[in-house]
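**Student:** Got a structure for you, entry.cif, holding mmCIF, C-alpha atoms (C1' of nucleotides).
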data_protein
loop_
_atom_site.group_PDB
_atom_site.id
_atom_site.type_symbol
_atom_site.label_atom_id
_atom_site.label_comp_id
_atom_site.auth_asym_id
_atom_site.auth_seq_id
_atom_site.Cartn_x
_atom_site.Cartn_y
_atom_site.Cartn_z
ATOM 1 C CA MET A 1 3.395 -63.113 -48.287
ATOM 2 C CA ALA A 2 1.224 -62.013 -45.442
ATOM 3 C CA LEU A 3 3.039 -62.592 -42.182
ATOM 4 C CA LYS A 4 6.701 -61.836 -41.567
ATOM 5 C CA TYR A 5 8.821 -63.081 -38.732
ATOM 6 C CA SER A 6 9.238 -60.650 -35.885
ATOM 7 C CA ARG A 7 11.675 -60.962 -33.041
ATOM 8 C CA GLN A 8 9.226 -59.189 -30.745
ATOM 9 C CA ARG A 9 6.385 -61.594 -31.506
ATOM 10 C CA GLN A 10 8.682 -64.538 -30.858
ATOM 11 C CA VAL A 11 9.784 -63.139 -27.497
ATOM 12 C CA ILE A 12 6.173 -62.455 -26.484
ATOM 13 C CA TYR A 13 5.110 -65.968 -27.425
ATOM 14 C CA ASP A 14 8.130 -67.542 -25.707
ATOM 15 C CA PHE A 15 7.387 -65.617 -22.534
ATOM 16 C CA LEU A 16 3.746 -66.661 -22.546
ATOM 17 C CA MET A 17 4.823 -70.300 -22.903
ATOM 18 C CA THR A 18 6.732 -70.084 -19.629
ATOM 19 C CA ARG A 19 3.707 -68.993 -17.601
ATOM 20 C CA LYS A 20 0.993 -71.127 -16.091
ATOM 21 C CA ASP A 21 -0.938 -68.169 -14.758
ATOM 22 C CA HIS A 22 -2.534 -66.136 -17.494
ATOM 23 C CA PRO A 23 -0.920 -62.734 -17.685
ATOM 24 C CA THR A 24 -2.459 -59.540 -18.983
ATOM 25 C CA ALA A 25 -0.917 -57.513 -21.811
ATOM 26 C CA GLU A 26 0.571 -55.164 -19.231
ATOM 27 C CA THR A 27 2.250 -58.054 -17.391
ATOM 28 C CA VAL A 28 3.595 -59.449 -20.640
ATOM 29 C CA TYR A 29 4.939 -55.994 -21.440
ATOM 30 C CA GLN A 30 6.645 -55.539 -18.059
ATOM 31 C CA ASN A 31 8.337 -58.920 -18.306
ATOM 32 C CA VAL A 32 9.329 -58.907 -21.955
ATOM 33 C CA ARG A 33 10.779 -55.446 -21.410
ATOM 34 C CA GLN A 34 13.471 -56.874 -19.151
ATOM 35 C CA GLU A 35 15.176 -58.642 -22.002
ATOM 36 C CA TYR A 36 13.894 -56.380 -24.753
ATOM 37 C CA PRO A 37 13.980 -52.911 -23.165
ATOM 38 C CA ASN A 38 12.495 -50.763 -25.872
ATOM 39 C CA ILE A 39 9.594 -52.899 -26.999
ATOM 40 C CA SER A 40 6.423 -50.850 -26.920
ATOM 41 C CA LEU A 41 3.120 -51.647 -25.271
ATOM 42 C CA GLY A 42 1.347 -51.229 -28.604
ATOM 43 C CA THR A 43 3.563 -53.940 -30.082
ATOM 44 C CA VAL A 44 2.646 -56.276 -27.238
ATOM 45 C CA TYR A 45 -1.065 -55.658 -27.795
ATOM 46 C CA ARG A 46 -0.787 -56.030 -31.575
ATOM 47 C CA ASN A 47 1.109 -59.287 -31.368
ATOM 48 C CA LEU A 48 -1.081 -60.810 -28.680
ATOM 49 C CA THR A 49 -4.066 -60.053 -30.891
ATOM 50 C CA LEU A 50 -2.287 -61.476 -33.935
ATOM 51 C CA LEU A 51 -1.332 -64.671 -32.110
ATOM 52 C CA ALA A 52 -4.854 -65.064 -30.785
ATOM 53 C CA ASP A 53 -6.328 -64.549 -34.271
ATOM 54 C CA MET A 54 -3.947 -67.192 -35.659
ATOM 55 C CA GLY A 55 -5.092 -69.544 -32.916
ATOM 56 C CA GLU A 56 -1.633 -69.899 -31.373
ATOM 57 C CA ILE A 57 -2.741 -68.487 -28.046
ATOM 58 C CA GLN A 58 -6.065 -67.966 -26.293
ATOM 59 C CA ARG A 59 -7.540 -64.673 -25.171
ATOM 60 C CA LEU A 60 -9.366 -65.070 -21.864
ATOM 61 C CA ARG A 61 -12.137 -62.764 -20.726
ATOM 62 C CA VAL A 62 -12.927 -63.602 -17.150
ATOM 63 C CA GLY A 63 -15.069 -60.680 -16.159
ATOM 64 C CA ASP A 64 -12.454 -58.435 -14.587
ATOM 65 C CA GLY A 65 -12.417 -56.155 -17.601
ATOM 66 C CA ILE A 66 -8.836 -57.005 -18.501
ATOM 67 C CA ASP A 67 -7.866 -59.507 -21.165
ATOM 68 C CA HIS A 68 -5.685 -62.397 -20.049
ATOM 69 C CA PHE A 69 -3.658 -64.592 -22.388
ATOM 70 C CA ASP A 70 -2.906 -68.306 -22.360
ATOM 71 C CA ALA A 71 -0.394 -70.136 -24.555
ATOM 72 C CA ASP A 72 -2.229 -73.410 -23.930
ATOM 73 C CA THR A 73 -4.820 -73.668 -26.702
ATOM 74 C CA SER A 74 -6.151 -77.086 -25.743
ATOM 75 C CA GLU A 75 -9.686 -77.340 -24.356
ATOM 76 C CA HIS A 76 -9.565 -76.608 -20.648
ATOM 77 C CA TYR A 77 -11.300 -74.416 -18.096
ATOM 78 C CA HIS A 78 -10.314 -71.577 -15.822
ATOM 79 C CA PHE A 79 -10.871 -70.472 -12.276
ATOM 80 C CA VAL A 80 -10.844 -66.857 -11.125
ATOM 81 C CA CYS A 81 -10.211 -66.027 -7.476
ATOM 82 C CA SER A 82 -12.547 -63.296 -6.256
ATOM 83 C CA GLU A 83 -9.987 -62.245 -3.657
ATOM 84 C CA CYS A 84 -6.616 -62.102 -5.368
ATOM 85 C CA GLY A 85 -7.936 -61.917 -8.935
ATOM 86 C CA GLY A 86 -5.658 -64.751 -9.992
ATOM 87 C CA VAL A 87 -6.620 -66.847 -13.016
ATOM 88 C CA THR A 88 -5.593 -70.496 -12.956
ATOM 89 C CA ASP A 89 -6.216 -73.672 -14.901
ATOM 90 C CA LEU A 90 -8.881 -76.071 -13.735
ATOM 91 C CA LYS A 91 -8.274 -79.751 -14.366
ATOM 92 C CA MET A 92 -11.666 -81.230 -15.130
ATOM 93 C CA LYS A 93 -13.320 -83.407 -17.716
ATOM 94 C CA SER A 94 -14.858 -81.745 -20.747
ATOM 95 C CA ILE A 95 -18.294 -80.240 -20.330
ATOM 96 C CA ALA A 96 -18.772 -79.820 -24.071
ATOM 97 C CA GLU A 97 -22.077 -81.666 -23.758
ATOM 98 C CA ILE A 98 -23.648 -78.428 -22.498
ATOM 99 C CA LEU A 99 -23.547 -77.322 -26.148
ATOM 100 C CA GLU A 100 -26.051 -80.054 -26.998
ATOM 101 C CA THR A 101 -28.177 -79.033 -24.031
ATOM 102 C CA ALA A 102 -28.173 -75.450 -25.241
ATOM 103 C CA ARG A 103 -28.991 -76.391 -28.846
ATOM 104 C CA LYS A 104 -32.096 -78.349 -27.844
ATOM 105 C CA ASP A 105 -34.535 -75.489 -27.931
ATOM 106 C CA PHE A 106 -32.767 -72.706 -29.795
ATOM 107 C CA ASP A 107 -33.322 -71.254 -33.258
ATOM 108 C CA GLY A 108 -29.983 -70.120 -34.563
ATOM 109 C CA GLU A 109 -26.506 -71.600 -34.667
ATOM 110 C CA ILE A 110 -24.633 -72.190 -31.416
ATOM 111 C CA GLN A 111 -20.930 -72.440 -32.225
ATOM 112 C CA GLY A 112 -19.345 -72.510 -28.815
ATOM 113 C CA HIS A 113 -19.451 -71.501 -25.215
ATOM 114 C CA VAL A 114 -17.379 -69.615 -22.687
ATOM 115 C CA THR A 115 -17.299 -70.949 -19.142
ATOM 116 C CA TYR A 116 -15.211 -70.003 -16.186
ATOM 117 C CA PHE A 117 -15.560 -70.688 -12.491
ATOM 118 C CA TYR A 118 -15.079 -68.314 -9.608
ATOM 119 C CA GLY A 119 -14.637 -68.520 -5.849
ATOM 120 C CA VAL A 120 -11.717 -68.387 -3.440
ATOM 121 C CA CYS A 121 -8.472 -70.089 -4.374
ATOM 122 C CA ASP A 122 -6.581 -72.455 -2.115
ATOM 123 C CA LYS A 123 -3.980 -69.862 -1.208
ATOM 124 C CA CYS A 124 -6.533 -67.158 -0.279
ATOM 125 C CA THR A 125 -8.625 -69.660 1.707
ATOM 126 C CA LYS A 126 -5.609 -70.471 3.836
ATOM 127 C CA THR A 127 -4.541 -66.856 4.229
ATOM 128 C CA ASN A 128 -7.975 -66.003 5.604
ATOM 129 C CA GLU A 129 -7.912 -68.609 8.352
ATOM 130 C CA PRO A 130 -8.026 -67.061 11.846
ATOM 131 C CA ILE A 131 -4.835 -67.151 13.900
ATOM 132 C CA HIS A 132 -5.191 -69.742 16.669
ATOM 133 C CA MET B 1 -30.265 -45.742 7.258
ATOM 134 C CA ALA B 2 -28.059 -46.746 4.409
ATOM 135 C CA LEU B 3 -30.087 -46.650 1.214
ATOM 136 C CA LYS B 4 -32.532 -43.905 0.353
ATOM 137 C CA TYR B 5 -35.191 -43.986 -2.297
ATOM 138 C CA SER B 6 -34.272 -42.319 -5.541
ATOM 139 C CA ARG B 7 -36.607 -41.491 -8.360
ATOM 140 C CA GLN B 8 -33.769 -42.037 -10.837
ATOM 141 C CA ARG B 9 -32.986 -45.523 -9.549
ATOM 142 C CA GLN B 10 -36.657 -46.455 -9.774
ATOM 143 C CA VAL B 11 -36.931 -45.243 -13.362
ATOM 144 C CA ILE B 12 -33.769 -47.130 -14.343
ATOM 145 C CA TYR B 13 -35.023 -50.327 -12.764
ATOM 146 C CA ASP B 14 -38.499 -49.947 -14.281
ATOM 147 C CA PHE B 15 -36.996 -49.451 -17.702
ATOM 148 C CA LEU B 16 -34.786 -52.514 -17.376
ATOM 149 C CA MET B 17 -37.852 -54.572 -16.410
ATOM 150 C CA THR B 18 -39.483 -53.778 -19.741
ATOM 151 C CA ARG B 19 -36.604 -55.150 -21.802
ATOM 152 C CA LYS B 20 -35.918 -58.725 -22.813
ATOM 153 C CA ASP B 21 -32.682 -57.883 -24.567
ATOM 154 C CA HIS B 22 -29.951 -56.862 -22.178
ATOM 155 C CA PRO B 23 -29.123 -53.216 -22.673
ATOM 156 C CA THR B 24 -25.837 -51.499 -21.905
ATOM 157 C CA ALA B 25 -25.561 -48.512 -19.568
ATOM 158 C CA GLU B 26 -25.493 -46.224 -22.594
ATOM 159 C CA THR B 27 -28.733 -47.708 -23.944
ATOM 160 C CA VAL B 28 -30.385 -47.401 -20.541
ATOM 161 C CA TYR B 29 -29.240 -43.778 -20.424
ATOM 162 C CA GLN B 30 -30.578 -42.933 -23.901
ATOM 163 C CA ASN B 31 -33.968 -44.441 -23.092
ATOM 164 C CA VAL B 32 -34.432 -43.192 -19.563
ATOM 165 C CA ARG B 33 -33.480 -39.734 -20.785
ATOM 166 C CA GLN B 34 -36.674 -39.544 -22.850
ATOM 167 C CA GLU B 35 -38.844 -39.374 -19.772
ATOM 168 C CA TYR B 36 -36.223 -37.962 -17.452
ATOM 169 C CA PRO B 37 -34.306 -35.503 -19.653
ATOM 170 C CA ASN B 38 -31.555 -34.345 -17.333
ATOM 171 C CA ILE B 39 -30.504 -37.590 -15.735
ATOM 172 C CA SER B 40 -26.762 -37.993 -16.049
ATOM 173 C CA LEU B 41 -24.818 -40.940 -17.401
ATOM 174 C CA GLY B 42 -22.900 -41.163 -14.131
ATOM 175 C CA THR B 43 -26.169 -41.626 -12.256
ATOM 176 C CA VAL B 44 -27.122 -44.454 -14.594
ATOM 177 C CA TYR B 45 -23.789 -46.201 -14.013
ATOM 178 C CA ARG B 46 -23.911 -45.692 -10.255
ATOM 179 C CA ASN B 47 -27.436 -47.041 -9.932
ATOM 180 C CA LEU B 48 -26.885 -50.018 -12.204
ATOM 181 C CA THR B 49 -23.898 -50.922 -10.054
ATOM 182 C CA LEU B 50 -25.929 -50.402 -6.881
ATOM 183 C CA LEU B 51 -28.796 -52.553 -8.126
ATOM 184 C CA ALA B 52 -26.386 -55.276 -9.213
ATOM 185 C CA ASP B 53 -24.628 -55.214 -5.824
ATOM 186 C CA MET B 54 -28.008 -55.542 -4.082
ATOM 187 C CA GLY B 55 -28.797 -58.500 -6.305
ATOM 188 C CA GLU B 56 -31.849 -56.861 -7.881
ATOM 189 C CA ILE B 57 -30.385 -57.029 -11.368
ATOM 190 C CA GLN B 58 -27.622 -58.992 -13.054
ATOM 191 C CA ARG B 59 -24.518 -57.561 -14.679
ATOM 192 C CA LEU B 60 -23.602 -59.554 -17.778
ATOM 193 C CA ARG B 61 -20.097 -59.684 -19.176
ATOM 194 C CA VAL B 62 -20.268 -61.462 -22.470
ATOM 195 C CA GLY B 63 -16.850 -60.695 -23.867
ATOM 196 C CA ASP B 64 -17.655 -57.644 -25.952
ATOM 197 C CA GLY B 65 -16.035 -55.336 -23.419
ATOM 198 C CA ILE B 66 -19.314 -53.621 -22.576
ATOM 199 C CA ASP B 67 -21.406 -54.484 -19.549
ATOM 200 C CA HIS B 68 -24.991 -55.539 -20.217
ATOM 201 C CA PHE B 69 -27.739 -55.566 -17.600
ATOM 202 C CA ASP B 70 -30.608 -57.939 -16.983
ATOM 203 C CA ALA B 71 -33.534 -57.401 -14.585
ATOM 204 C CA ASP B 72 -34.192 -61.154 -14.554
ATOM 205 C CA THR B 73 -32.107 -62.518 -11.687
ATOM 206 C CA SER B 74 -33.322 -66.103 -11.939
ATOM 207 C CA GLU B 75 -30.849 -68.754 -13.120
ATOM 208 C CA HIS B 76 -30.750 -68.725 -16.893
ATOM 209 C CA TYR B 77 -28.210 -68.581 -19.695
ATOM 210 C CA HIS B 78 -27.375 -66.167 -22.470
ATOM 211 C CA PHE B 79 -26.506 -66.288 -26.124
ATOM 212 C CA VAL B 80 -24.355 -63.708 -27.899
ATOM 213 C CA CYS B 81 -24.591 -63.316 -31.657
ATOM 214 C CA SER B 82 -21.146 -62.877 -33.212
ATOM 215 C CA GLU B 83 -22.675 -60.949 -36.099
ATOM 216 C CA CYS B 84 -25.116 -58.458 -34.617
ATOM 217 C CA GLY B 85 -23.723 -58.516 -31.089
ATOM 218 C CA GLY B 86 -27.194 -59.078 -29.662
ATOM 219 C CA VAL B 87 -27.514 -60.740 -26.266
ATOM 220 C CA THR B 88 -30.598 -62.912 -25.733
ATOM 221 C CA ASP B 89 -31.927 -65.388 -23.212
ATOM 222 C CA LEU B 90 -31.434 -69.068 -23.815
ATOM 223 C CA LYS B 91 -34.160 -71.390 -22.622
ATOM 224 C CA MET B 92 -32.402 -74.507 -21.406
ATOM 225 C CA LYS B 93 -32.290 -76.770 -18.413
ATOM 226 C CA SER B 94 -29.848 -75.959 -15.639
ATOM 227 C CA ILE B 95 -26.265 -77.047 -16.105
ATOM 228 C CA ALA B 96 -25.390 -76.372 -12.479
ATOM 229 C CA GLU B 97 -23.992 -79.904 -12.267
ATOM 230 C CA ILE B 98 -20.832 -78.613 -13.953
ATOM 231 C CA LEU B 99 -20.021 -77.074 -10.568
ATOM 232 C CA GLU B 100 -19.717 -80.561 -9.111
ATOM 233 C CA THR B 101 -17.585 -81.616 -12.046
ATOM 234 C CA ALA B 102 -15.295 -78.652 -11.461
ATOM 235 C CA ARG B 103 -15.052 -79.262 -7.711
ATOM 236 C CA LYS B 104 -13.906 -82.865 -8.172
ATOM 237 C CA ASP B 105 -10.212 -82.170 -8.421
ATOM 238 C CA PHE B 106 -9.750 -78.620 -7.158
ATOM 239 C CA ASP B 107 -8.215 -77.247 -3.977
ATOM 240 C CA GLY B 108 -10.050 -74.078 -3.101
ATOM 241 C CA GLU B 109 -13.688 -73.040 -2.974
ATOM 242 C CA ILE B 110 -15.695 -72.900 -6.184
ATOM 243 C CA GLN B 111 -18.692 -70.646 -5.575
ATOM 244 C CA GLY B 112 -20.176 -70.319 -9.023
ATOM 245 C CA HIS B 113 -19.656 -70.234 -12.740
ATOM 246 C CA VAL B 114 -20.248 -67.940 -15.660
ATOM 247 C CA THR B 115 -21.349 -69.499 -18.925
ATOM 248 C CA TYR B 116 -22.561 -67.963 -22.119
ATOM 249 C CA PHE B 117 -22.958 -69.337 -25.608
ATOM 250 C CA TYR B 118 -22.049 -67.712 -28.883
ATOM 251 C CA GLY B 119 -22.791 -68.245 -32.554
ATOM 252 C CA VAL B 120 -25.142 -66.751 -35.119
ATOM 253 C CA CYS B 121 -28.675 -65.870 -34.084
ATOM 254 C CA ASP B 122 -31.770 -66.893 -35.996
ATOM 255 C CA LYS B 123 -32.260 -63.460 -37.506
ATOM 256 C CA CYS B 124 -28.663 -63.146 -38.743
ATOM 257 C CA THR B 125 -28.707 -66.705 -40.124
ATOM 258 C CA LYS B 126 -31.734 -65.837 -42.260
ATOM 259 C CA THR B 127 -30.337 -62.477 -43.374
ATOM 260 C CA ASN B 128 -27.212 -64.237 -44.658
ATOM 261 C CA GLU B 129 -29.059 -66.708 -46.867
ATOM 262 C CA PRO B 130 -28.269 -66.246 -50.574
ATOM 263 C CA ILE B 131 -30.985 -64.743 -52.771
ATOM 264 C CA HIS B 132 -32.563 -67.464 -54.917
ATOM 265 C "C1'" DA C 1 -40.167 -28.202 9.856
ATOM 266 C "C1'" DT C 2 -35.244 -29.502 9.930
ATOM 267 C "C1'" DG C 3 -30.795 -31.214 9.408
ATOM 268 C "C1'" DA C 4 -27.708 -35.074 8.512
ATOM 269 C "C1'" DA C 5 -26.977 -38.432 5.098
ATOM 270 C "C1'" DA C 6 -27.716 -39.984 0.547
ATOM 271 C "C1'" DT C 7 -28.112 -38.825 -4.137
ATOM 272 C "C1'" DC C 8 -27.737 -35.986 -8.055
ATOM 273 C "C1'" DA C 9 -25.951 -33.434 -12.429
ATOM 274 C "C1'" DG C 10 -22.164 -32.163 -14.668
ATOM 275 C "C1'" DT C 11 -17.683 -32.762 -15.556
ATOM 276 C "C1'" DA C 12 -12.909 -34.310 -15.043
ATOM 277 C "C1'" DA C 13 -10.062 -38.317 -14.571
ATOM 278 C "C1'" DT C 14 -8.800 -43.088 -15.253
ATOM 279 C "C1'" DT C 15 -7.898 -47.362 -17.596
ATOM 280 C "C1'" DA C 16 -7.531 -50.726 -21.097
ATOM 281 C "C1'" DT C 17 -6.967 -50.794 -25.675
ATOM 282 C "C1'" DT C 18 -6.533 -49.215 -30.508
ATOM 283 C "C1'" DC C 19 -4.894 -46.115 -33.985
ATOM 284 C "C1'" DC C 20 -1.388 -43.292 -36.386
ATOM 285 C "C1'" DT C 21 3.050 -42.236 -38.547
ATOM 286 C "C1'" DA C 22 7.702 -41.903 -39.583
ATOM 287 C "C1'" DT C 23 11.369 -45.303 -39.188
ATOM 288 C "C1'" DT C 24 13.303 -49.924 -39.150
ATOM 289 C "C1'" DT C 25 13.098 -55.069 -40.307
ATOM 290 C "C1'" DT C 26 12.199 -58.784 -42.974
ATOM 291 C "C1'" DT C 27 12.624 -61.394 -47.059
ATOM 292 C "C1'" DA C 28 11.965 -62.684 -51.975
ATOM 293 C "C1'" DA C 29 14.248 -61.848 -56.098
ATOM 294 C "C1'" DG C 30 17.939 -59.989 -58.999
ATOM 295 C "C1'" DC D 1 25.314 -59.579 -51.518
ATOM 296 C "C1'" DT D 2 22.153 -55.607 -52.905
ATOM 297 C "C1'" DT D 3 17.614 -53.907 -53.193
ATOM 298 C "C1'" DA D 4 13.056 -52.649 -52.725
ATOM 299 C "C1'" DA D 5 8.319 -53.623 -51.420
ATOM 300 C "C1'" DA D 6 5.682 -55.292 -47.605
ATOM 301 C "C1'" DA D 7 5.291 -55.866 -42.827
ATOM 302 C "C1'" DA D 8 6.411 -54.567 -38.301
ATOM 303 C "C1'" DT D 9 8.106 -51.305 -34.917
ATOM 304 C "C1'" DA D 10 8.465 -47.445 -31.245
ATOM 305 C "C1'" DG D 11 6.409 -43.819 -29.387
ATOM 306 C "C1'" DG D 12 2.742 -41.242 -28.723
ATOM 307 C "C1'" DA D 13 -2.011 -39.610 -29.614
ATOM 308 C "C1'" DA D 14 -6.806 -41.043 -29.646
ATOM 309 C "C1'" DT D 15 -10.859 -43.734 -28.185
ATOM 310 C "C1'" DA D 16 -14.326 -45.748 -25.338
ATOM 311 C "C1'" DA D 17 -16.233 -47.513 -21.213
ATOM 312 C "C1'" DT D 18 -16.347 -46.535 -16.700
ATOM 313 C "C1'" DT D 19 -15.314 -44.235 -12.255
ATOM 314 C "C1'" DA D 20 -14.291 -40.283 -9.278
ATOM 315 C "C1'" DC D 21 -15.065 -35.597 -7.721
ATOM 316 C "C1'" DT D 22 -17.832 -31.610 -6.177
ATOM 317 C "C1'" DG D 23 -21.185 -28.350 -4.984
ATOM 318 C "C1'" DA D 24 -26.239 -28.440 -5.178
ATOM 319 C "C1'" DT D 25 -30.525 -31.046 -4.297
ATOM 320 C "C1'" DT D 26 -33.446 -34.655 -2.321
ATOM 321 C "C1'" DT D 27 -34.820 -37.917 1.103
ATOM 322 C "C1'" DC D 28 -36.609 -39.023 5.530
ATOM 323 C "C1'" DA D 29 -36.163 -40.006 10.661
ATOM 324 C "C1'" DT D 30 -36.884 -37.125 14.378
#
Would you encode the structure as structure tokens?
**Tutor:**
Amino acid sequence: MALKYSRQRQVIYDFLMTRKDHPTAETVYQNVRQEYPNISLGTVYRNLTLLADMGEIQRLRVGDGIDHFDADTSEHYHFVCSECGGVTDLKMKSIAEILETARKDFDGEIQGHVTYFYGVCDKCTKTNEPIH
Amino acid sequence: MALKYSRQRQVIYDFLMTRKDHPTAETVYQNVRQEYPNISLGTVYRNLTLLADMGEIQRLRVGDGIDHFDADTSEHYHFVCSECGGVTDLKMKSIAEILETARKDFDGEIQGHVTYFYGVCDKCTKTNEPIH
DNA sequence: ATGAAATCAGTAATTATTCCTATTTTTAAG
DNA sequence: CTTAAAAATAGGAATAATTACTGATTTCAT
């Protein structure tokens, strides 16, 4: 047998399922700690990596140098706000056809792509409006 | 005056112009050091950041946790080999239309996107072929 | 030529993440 | 219900990329 049940892993996964934003390991740690006070940060990192390797969650790298995690493993895209740093889902139709575009003139095997969008989120746009 | 000439910055930029792969700060440092022996790694980092902020070079974040730099600031895409970790240019037509797709159903301002492709490069594909 | 501002070299500090180890949990089998 | 081997844990040390600090040096408008 290779993988044993672990209460900690379950709690981490359950927490991630409740979130629509895409928390970092540190955020997962701070939250899970409330109901599981002596879990260690290393355990959070190890289990997030394990879950990602098993394909049960997604690891997001959106250019801020910190890994974010998403319990939704279906194909979808993300938006990163340059002001607040928030990472949110982006409802849009698949752009998987860009893989074909990329394969057109390339020697080697293209297996996938990573795409995310950036700009200013709705909330930050409104916050920045001048007072009138 | 805000920005003064610096011999070090010039050498860093000139070096980056000679490369078609997309070296990391460490690689830039190791190479620039040959002709400028007592340049410091901090100076390399500071100037790469400066050049990127001025828009004279591009900072690439391709998910390996290490920043890569590219003196070609024109719109183009990159490929990352999962085996050798190499980052190369990808000749393909613009996929900027995905911005419109993303904007369709989003509240907030989408300013740009980051896309890179991954897989196995030509060289690694050939290296892996069985001996016959 | 000169002096204020920018930059530098060298090094210490920071940050996200991984590794290590002695202890505790899990679980298949008796 | 034991038990014992494998897996996982807590806690802390280690790593790696990057940034910050500081006193000395360079740039350049005047």
**Student:** Check which residues of chain B sit at most 7 Å from chain D using only C-alpha atoms (C1' of nucleotides), and return one row each with the closest pair of atoms and their distance in Å to one decimal, ordered by chain and rising number, as a tab-separated table.
**Tutor:**
residue	atom	partner	partner_atom	distance
B:Lys4	CA	D:DT27	C1'	6.5
B:Tyr5	CA	D:DT27	C1'	7.0
B:Ile66	CA	D:DA17	C1'	7.0
**Student:** Take atom CA of Gln30 of chain B and atom C1' of DC8 of chain C and report the distance between them in Å, one decimal.
**Tutor:**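 Atom CA of Gln30 of chain B sits 17.5 Å away from atom C1' of DC8 of chain C.
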**Student:** Compute the set of chain B residues within 7 Å of chain A, using all atoms listed in the file, and express it as a tab-separated table (two decimals) with C-alpha atoms, in the coordinates of the input.
**Tutor:**
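This went into part_34.tsv:
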chain	number	residue	atom	x	y	z
B	61	ARG	CA	-20.10	-59.68	-19.18
B	63	GLY	CA	-16.85	-60.70	-23.87
B	65	GLY	CA	-16.04	-55.34	-23.42
B	91	LYS	CA	-34.16	-71.39	-22.62
B	92	MET	CA	-32.40	-74.51	-21.41
B	101	THR	CA	-17.58	-81.62	-12.05
B	102	ALA	CA	-15.30	-78.65	-11.46
B	105	ASP	CA	-10.21	-82.17	-8.42
B	107	ASP	CA	-8.22	-77.25	-3.98
B	108	GLY	CA	-10.05	-74.08	-3.10
B	109	GLU	CA	-13.69	-73.04	-2.97
B	110	ILE	CA	-15.70	-72.90	-6.18
B	111	GLN	CA	-18.69	-70.65	-5.58
B	112	GLY	CA	-20.18	-70.32	-9.02
B	113	HIS	CA	-19.66	-70.23	-12.74
B	114	VAL	CA	-20.25	-67.94	-15.66
B	115	THR	CA	-21.35	-69.50	-18.92
B	116	TYR	CA	-22.56	-67.96	-22.12
B	117	PHE	CA	-22.96	-69.34	-25.61
B	118	TYR	CA	-22.05	-67.71	-28.88
B	119	GLY	CA	-22.79	-68.24	-32.55
B	120	VAL	CA	-25.14	-66.75	-35.12
B	121	CYS	CA	-28.68	-65.87	-34.08
B	122	ASP	CA	-31.77	-66.89	-36.00
B	125	THR	CA	-28.71	-66.70	-40.12
**Student:** Go through the shown structure with the PyMOL selection byres ((chain C) within 9 of (chain B)) and write out the matching residues as a short mmCIF file (atom, residue, chain, number, x, y, z; two decimals) with C-alpha atoms (C1' of nucleotides), in the frame of the given file.
**Tutor:**
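Written output follows (part29.cif):
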data_model
loop_
_atom_site.label_atom_id
_atom_site.label_comp_id
_atom_site.auth_asym_id
_atom_site.auth_seq_id
_atom_site.Cartn_x
_atom_site.Cartn_y
_atom_site.Cartn_z
"C1'" DA C 5 -26.98 -38.43 5.10
"C1'" DA C 6 -27.72 -39.98 0.55
"C1'" DT C 7 -28.11 -38.83 -4.14
"C1'" DC C 8 -27.74 -35.99 -8.06
"C1'" DA C 9 -25.95 -33.43 -12.43
"C1'" DG C 10 -22.16 -32.16 -14.67
#
**Student:** Do you have the atom CA of Glu75 of chain B-atom CA of Gln58 of chain A distance handy?
**Tutor:**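 The value is 28.1 Å.
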**Student:** What does the distance between atom CA of Tyr36 of chain A and atom CA of Met17 of chain A come to in Å, to one decimal place?
**Tutor:**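 The value is 16.7 Å.
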**Student:** Box for segment 83-93 of chain A - axis-aligned, 4 Å on each of the six sides, all listed atoms - centre and size in Å to one decimal, as JSON.
**Tutor:**
{"center_x": -9.5, "center_y": -72.7, "center_z": -10.7, "size_x": 15.7, "size_y": 29.5, "size_z": 22.1}
**Student:** Excluding Phe69 of chain B and residues on its chain fewer than 6 positions from it, collect all residues at most 7 Å away from it, counting only C-alpha atoms (C1' of nucleotides), and give them as a PyMOL selection string.
**Tutor:** chain B and resi 22-24+57-60
**Student:** Using all atoms listed in the file, pick whichever of B:Glu83, B:Glu35, B:Asp53, B:Glu100 has the shortest atom-to-atom distance to Phe15 of chain B.
**Tutor:**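 For Phe15 of chain B, the nearest of the given residues is B:Glu35.
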**Student:** Selection in question (the file shown): the PyMOL selection byres ((chain A and resi 55) around 12). Which residues does it include, as a list in words?
**Tutor:** Leu48, Thr49, Leu50, Leu51, Ala52, Asp53, Met54, Glu56, Ile57, Gln58, Arg59, Phe69, Asp70, Ala71, Asp72, Thr73 and Ser74 of chain A
**Student:** Is it possible to add N, CA and C atoms to segment 44-49 of chain A and hand it back as a compact mmCIF listing (two decimals), keeping the file's coordinate frame?
**Tutor:**
# COMPACT_ATOMS: atom_id res chain seq x y z
N VAL A 44 3.11 -55.15 -28.03
CA VAL A 44 2.65 -56.28 -27.24
C VAL A 44 1.17 -56.54 -27.54
N TYR A 45 0.36 -55.49 -27.51
CA TYR A 45 -1.06 -55.66 -27.80
C TYR A 45 -1.28 -56.20 -29.21
N ARG A 46 -0.60 -55.61 -30.19
CA ARG A 46 -0.79 -56.03 -31.58
C ARG A 46 -0.43 -57.48 -31.77
N ASN A 47 0.68 -57.91 -31.18
CA ASN A 47 1.11 -59.29 -31.37
C ASN A 47 0.27 -60.29 -30.59
N LEU A 48 -0.19 -59.91 -29.42
CA LEU A 48 -1.08 -60.81 -28.68
C LEU A 48 -2.36 -61.02 -29.49
N THR A 49 -2.86 -59.95 -30.07
CA THR A 49 -4.07 -60.05 -30.89
C THR A 49 -3.81 -60.91 -32.13
